[in-house]
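Scroll down for the structure; my scribbles are underneath it.
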Amino acid sequence: MTSGSFFNLVTIGYFAAMVLFIAFLATKSFGVARLATWVASIGFVLQTIGIGLRWYETYQIPGGAGYAPMSNLYESVVFFSWTILLIYLLIEWKYKQKAVGAFVLPFAFLGMSWAQLSLDSTIAPLVPALQSNWLTYHVITCFLGYAAFAVACGVSIMYLIKVGREENERGSKAGGVLSLFPSAKILDDLNYKAIMIGFPLLSIGIITGAAWANYAWGTYWSWDPKETWSLIVWFIYAAFLHARITRGWAGRRAAILSIIGFLATIFCYLGVNLLLSGLHSYGS
Amino acid sequence: MALWDFFCSLKLSIFTLIMLAVTSIIGTVLQQNQTKEQYLHVFSPKTYAILDKLQMFDMYHSTWFIGLLVLFCINLICCSIKRLPRVWKIVTKPTLVPSKAVLEAFPNTVERTVRGSLSEIRPRMETFAKDNFAATRCTETEEGIYLYAEKNKYARFGVYVTHLSILIIFTGAIIGNIFGYKAYVNIPEGGSIDRVWLRSGEPVDLGFKVTCDAFSVSYYPNSQRPKEYKSILTIEENGEVVVDKRPIIVNDPLTHNGITFYQSNFGPAGSEIMTIKVKLRGEDKAQAFTLRIGEQAQLPDGTSLTAADFTTSYRNFGPAARLNVKKQGEAATSVIVFKNFPEFDQQRKGTYLLSLEDFTQRYYTGLQATKDPGVWVVWLGCTMLVVGSLIAFFVSHRRMWIVLREKDGKVQVRLVGTAHRNQPAYELYFDKLKEAFNKHLA
């Protein structure tokens, strides 16, 4: 079996897990929720094997010196999905809030289906600029950070839905599907916790990027669009962290900042490469 | 005072951070540091004048952007100055005997009344604290005995370490800007230099001599994908070789005397050198000439051979050279020879059989030379940023008081705990502490 066929299974698995999590909200059956977590976990294990296999495959191509499979757009999207599952499963395990899955799994599923359906999965050996261990450290930390922000964004969307509905119904507790949502207080707290995990990871990601740039080009910071956007994301989450301890800024505004932060993250990750020019051209 | 409060305020921090985020977008959309001509291609002269006035073409170094960064730093410094003394006091002079009101303000508390005397209960509580939390400090008052213990008191400084780290990073950047430089130099293979050039065109003397012994590009098998760019450098100082034939590649630079050389780019140095083989028709003996474009070779019978042109790929036939062959007293004829087809010249049926034996291309290597004495300060700041924020987010200063009071021949024991952050997690922690507390007194 090739890594590609593993990733196809993973895509199907994440789709199934996403549907099950949504079904959980509709049926309120905790059996369905447990099944959803199981399917997501199996998908995660398969993806881990798939990434390991692809790593092995990079040694098998002619002249292949082997590299950690995170060097082009396809590989990075697959890795991003993997990190989203990793952070999500950790948070679910720690805080036991299964409803969150319905708002996080879609990100992982979208990533995997985009990678499998329309991105170029050719294994190509690394160009000189990418031949560095810094690549691995930089990519792993950045994507773990991005994944934590993805979870925070999912949680913030839940928060806004929940609070919006409760306000519409004049203070009465939201019923129906929303009764399975964690309380607004817990959602607000989860949002903060996810960002607390993401922020230091993003900081390390930016720093390893700077260290690598300094090692390869002699400049740790050159206001390249990718660098600048990562800093923009950093500013937004720094604002979030300060907003949360300011009166009147917790709750709704914090949730909005978190969503804006994730949109900026996605732009930093994809928008910069697809729309702007700079150093991170994914080898094209 | 109002101004001081303004510079200390969290609202200002949020505002500055959001302003920095929003304005930073401009420079990623509007290409920076282009020439005036390039901008006038896109903008009308009027728009150009306005944008130029607003320093939009080098916005990250503009007065207003630097101004925002300065505001950010002032805010950082002011709010740290405002809050640090209180935090310093909490850490260095803990409240050993809090007032009743303070104690009652903490939500995590448990109280038991047990039989026994103060002198008997006190050591039991001290072991409880030591085994389950931390060693205690004891204060005896008229009201009763106060045992105080704490953990991770330095976690309170996490935030300030983070704030300070940002100032240190800026300091490192400023040091680099003032005392460092970024320069470029091209060295042809076999050539040497002792100075490099700034972007402004100004030369900088290195104080030593750098020789490029060789440069090479290698490709992955059967593809155009570059695998490695490599320069071999030798450095001589005062006539002595100090670095001998050290290869540098992208991602593996060479540092000497605080100046680091990076493999940056490369290009051809001069034209190719061709080796032309000349054979007299019907004879086996051959003679070889090495020629550059424009150079001439004389054959024994007085015929001259001039290298007129060269290409690495002539249509699909690979490397080819054009030679002008001029017999004495005749007009010159143009002959094309191919490296991949040595017999091609047979069909010309000339006196000489010419072929392109081989060619070599000399390269120059393009190096970037950087001196940045501030870079270590930046890395120090970065380390502090990460360590500081991890402490600020994940470590909490936990305090505990045990108050013992004698009452009607019994001892009233009160346990109060608090953490300076992450209350929900502390509540769980306190539940366990409570359990152990009850067990100890049972």
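Just so we're on the same page: first chain in the structure tokens is A, next is B, and so on; residues restart at 1 for each chain, and ligands are numbered from 1 in the order they show up.
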List as JSON lines every residue of chain A that is in contact with chain B, defined as an atom at most 6 Å from one of its atoms (using only C-alpha atoms), together with the nearest atom pair and the distance in Å rounded to one decimal, sorted by chain and then rising number.
```
{"residue": "A:Val127", "atom": "CA", "partner": "B:Lys227", "partner_atom": "CA", "distance": 5.6}
{"residue": "A:Pro128", "atom": "CA", "partner": "B:Glu228", "partner_atom": "CA", "distance": 5.4}
{"residue": "A:Ala129", "atom": "CA", "partner": "B:Val250", "partner_atom": "CA", "distance": 5.9}
{"residue": "A:Ala216", "atom": "CA", "partner": "B:Asn251", "partner_atom": "CA", "distance": 4.3}
{"residue": "A:Pro225", "atom": "CA", "partner": "B:Thr28", "partner_atom": "CA", "distance": 4.9}
{"residue": "A:Ile232", "atom": "CA", "partner": "B:Ala21", "partner_atom": "CA", "distance": 4.6}
{"residue": "A:Phe235", "atom": "CA", "partner": "B:Leu17", "partner_atom": "CA", "distance": 5.4}
{"residue": "A:Ala239", "atom": "CA", "partner": "B:Ile14", "partner_atom": "CA", "distance": 4.9}
```
Leaving out Tyr137 in chain A and any residue of its chain fewer than 4 positions from it, which residues lie within 12 Å of it when counting only C-alpha atoms, given as number ranges by chain? A: 68, 70, 132-133, 141-144, 201-202, 204-212
Can you pull out every residue within 10 Å of range 13-21 of chain A, counting only C-alpha atoms, but drop anything in the same chain fewer than 2 positions away, and send it as a PyMOL selection string? chain A and resi 7-11+23-28+30+32-44+46-47+81+85+98-110+112-113
Option closest in space to Ile87 in chain A, from A:Gly198, A:Arg247, A:Ala264, A:Trp234 [counting only C-alpha atoms]: A:Gly198
Residues within 12 Å of Asn316 in chain B, please, as a PyMOL selection string. Count only C-alpha atoms; anything in the same chain fewer than 4 positions from it doesn't count. chain B and resi 311-312+320+338+340-341
In range 74-103 of chain A, DSSP alpha helix (DSSP H) residues written as a ChimeraX atom specification: /A:74-95,101-103
Taking the DSSP assignment computed from this structure's backbone, write out as number ranges by chain all residues of range 6-123 of chain B that belong to strand (DSSP E). B: 108-115
Could you dump the residues just selected with N, CA and C atoms as an mmCIF file, in the first residue's frame?
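Heads up, here's the output in result-v6.cif:
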```cif
data_model
loop_
_atom_site.group_PDB
_atom_site.id
_atom_site.type_symbol
_atom_site.label_atom_id
_atom_site.label_comp_id
_atom_site.auth_asym_id
_atom_site.auth_seq_id
_atom_site.Cartn_x
_atom_site.Cartn_y
_atom_site.Cartn_z
ATOM 1 N N ASN B 108 -11.505 29.039 47.777
ATOM 2 C CA ASN B 108 -11.159 27.661 48.085
ATOM 3 C C ASN B 108 -10.762 27.535 49.553
ATOM 4 N N THR B 109 -11.673 26.989 50.316
ATOM 5 C CA THR B 109 -11.401 26.915 51.745
ATOM 6 C C THR B 109 -12.119 25.723 52.376
ATOM 7 N N VAL B 110 -11.565 25.245 53.483
ATOM 8 C CA VAL B 110 -12.213 24.171 54.220
ATOM 9 C C VAL B 110 -11.865 24.343 55.694
ATOM 10 N N GLU B 111 -12.811 24.008 56.574
ATOM 11 C CA GLU B 111 -12.565 24.205 57.996
ATOM 12 C C GLU B 111 -12.993 22.967 58.782
ATOM 13 N N ARG B 112 -12.175 22.598 59.737
ATOM 14 C CA ARG B 112 -12.526 21.465 60.610
ATOM 15 C C ARG B 112 -12.214 21.849 62.054
ATOM 16 N N THR B 113 -12.977 21.308 62.966
ATOM 17 C CA THR B 113 -12.658 21.502 64.386
ATOM 18 C C THR B 113 -12.299 20.134 64.947
ATOM 19 N N VAL B 114 -11.112 20.064 65.520
ATOM 20 C CA VAL B 114 -10.649 18.761 66.020
ATOM 21 C C VAL B 114 -10.247 18.849 67.482
ATOM 22 N N ARG B 115 -10.304 17.681 68.097
ATOM 23 C CA ARG B 115 -9.862 17.586 69.489
ATOM 24 C C ARG B 115 -8.333 17.689 69.537
#
```
Of the candidates B:Glu406, B:Glu237, B:Glu272, B:Asp301, which shows the shortest atom-to-atom distance to Ile121 in chain B, using only C-alpha atoms?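 Ranked by minimum distance to Ile121 in chain B, first place goes to B:Glu406.
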For Tyr269 in chain A, please output as a list of chain:residue names all residues within 12 Å (counting only C-alpha atoms; exclusion window: fewer than 4 positions along the same chain).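 Once the adjacent positions are removed, what remains is A:Leu73, A:Ser76, A:Val77, A:Phe80, A:Val139, A:Cys142, A:Phe143, A:Gly145, A:Tyr146, A:Ala147, A:Pro225, A:Lys226, A:Glu227, A:Thr228, A:Trp229, A:Ser230, A:Val233, A:Phe262, A:Leu263, A:Ala264, A:Thr265, A:Asn273, A:Leu274, A:Leu275, A:Leu276, A:His280, A:Ser281, A:Tyr282.
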Using C-alpha atoms, can you export the residues from the last selection as a PDB file, in the first residue's frame?
```pdb
ATOM      1  CA  LEU A  73       1.744  22.284  -0.521  1.00  0.00           C
ATOM      2  CA  SER A  76       1.853  20.529   4.276  1.00  0.00           C
ATOM      3  CA  VAL A  77      -1.940  20.310   3.907  1.00  0.00           C
ATOM      4  CA  PHE A  80      -1.944  20.350   8.831  1.00  0.00           C
ATOM      5  CA  VAL A 139       6.979  23.324   9.982  1.00  0.00           C
ATOM      6  CA  CYS A 142       3.963  26.351  12.952  1.00  0.00           C
ATOM      7  CA  PHE A 143       1.381  23.749  12.077  1.00  0.00           C
ATOM      8  CA  GLY A 145       0.123  26.322  16.376  1.00  0.00           C
ATOM      9  CA  TYR A 146      -2.187  26.677  13.360  1.00  0.00           C
ATOM     10  CA  ALA A 147      -4.054  23.538  14.441  1.00  0.00           C
ATOM     11  CA  PRO A 225       5.015  38.705   3.081  1.00  0.00           C
ATOM     12  CA  LYS A 226       4.990  35.300   4.774  1.00  0.00           C
ATOM     13  CA  GLU A 227       7.018  36.589   7.720  1.00  0.00           C
ATOM     14  CA  THR A 228       4.862  39.677   7.976  1.00  0.00           C
ATOM     15  CA  TRP A 229       1.635  37.687   7.920  1.00  0.00           C
ATOM     16  CA  SER A 230       2.892  35.336  10.608  1.00  0.00           C
ATOM     17  CA  VAL A 233      -1.313  36.500  13.247  1.00  0.00           C
ATOM     18  CA  PHE A 262      -7.785  31.978  12.312  1.00  0.00           C
ATOM     19  CA  LEU A 263      -8.785  33.693   9.058  1.00  0.00           C
ATOM     20  CA  ALA A 264      -5.452  35.547   9.189  1.00  0.00           C
ATOM     21  CA  THR A 265      -3.735  32.225   9.911  1.00  0.00           C
ATOM     22  CA  ASN A 273       1.481  31.671  -1.370  1.00  0.00           C
ATOM     23  CA  LEU A 274      -1.417  31.766  -3.768  1.00  0.00           C
ATOM     24  CA  LEU A 275      -1.874  35.548  -4.002  1.00  0.00           C
ATOM     25  CA  LEU A 276       1.336  37.292  -2.958  1.00  0.00           C
ATOM     26  CA  HIS A 280       7.676  30.546   0.574  1.00  0.00           C
ATOM     27  CA  SER A 281       6.614  29.498  -2.895  1.00  0.00           C
ATOM     28  CA  TYR A 282       6.285  25.797  -2.081  1.00  0.00           C
TER      29      TYR A 282
END
```
Surrounding residues of range 188-194 of chain A excluding itself and chain neighbours under 2 positions, 6 Å, only C-alpha atoms, as a PyMOL selection string: chain A and resi 148+152+155+185-186+196-197+251
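Between Ile91 in chain A and the candidates A:Val151, A:Trp134, A:Leu119, A:Gly66, the tightest atom-to-atom separation, counting only C-alpha atoms, involves A:Val151.
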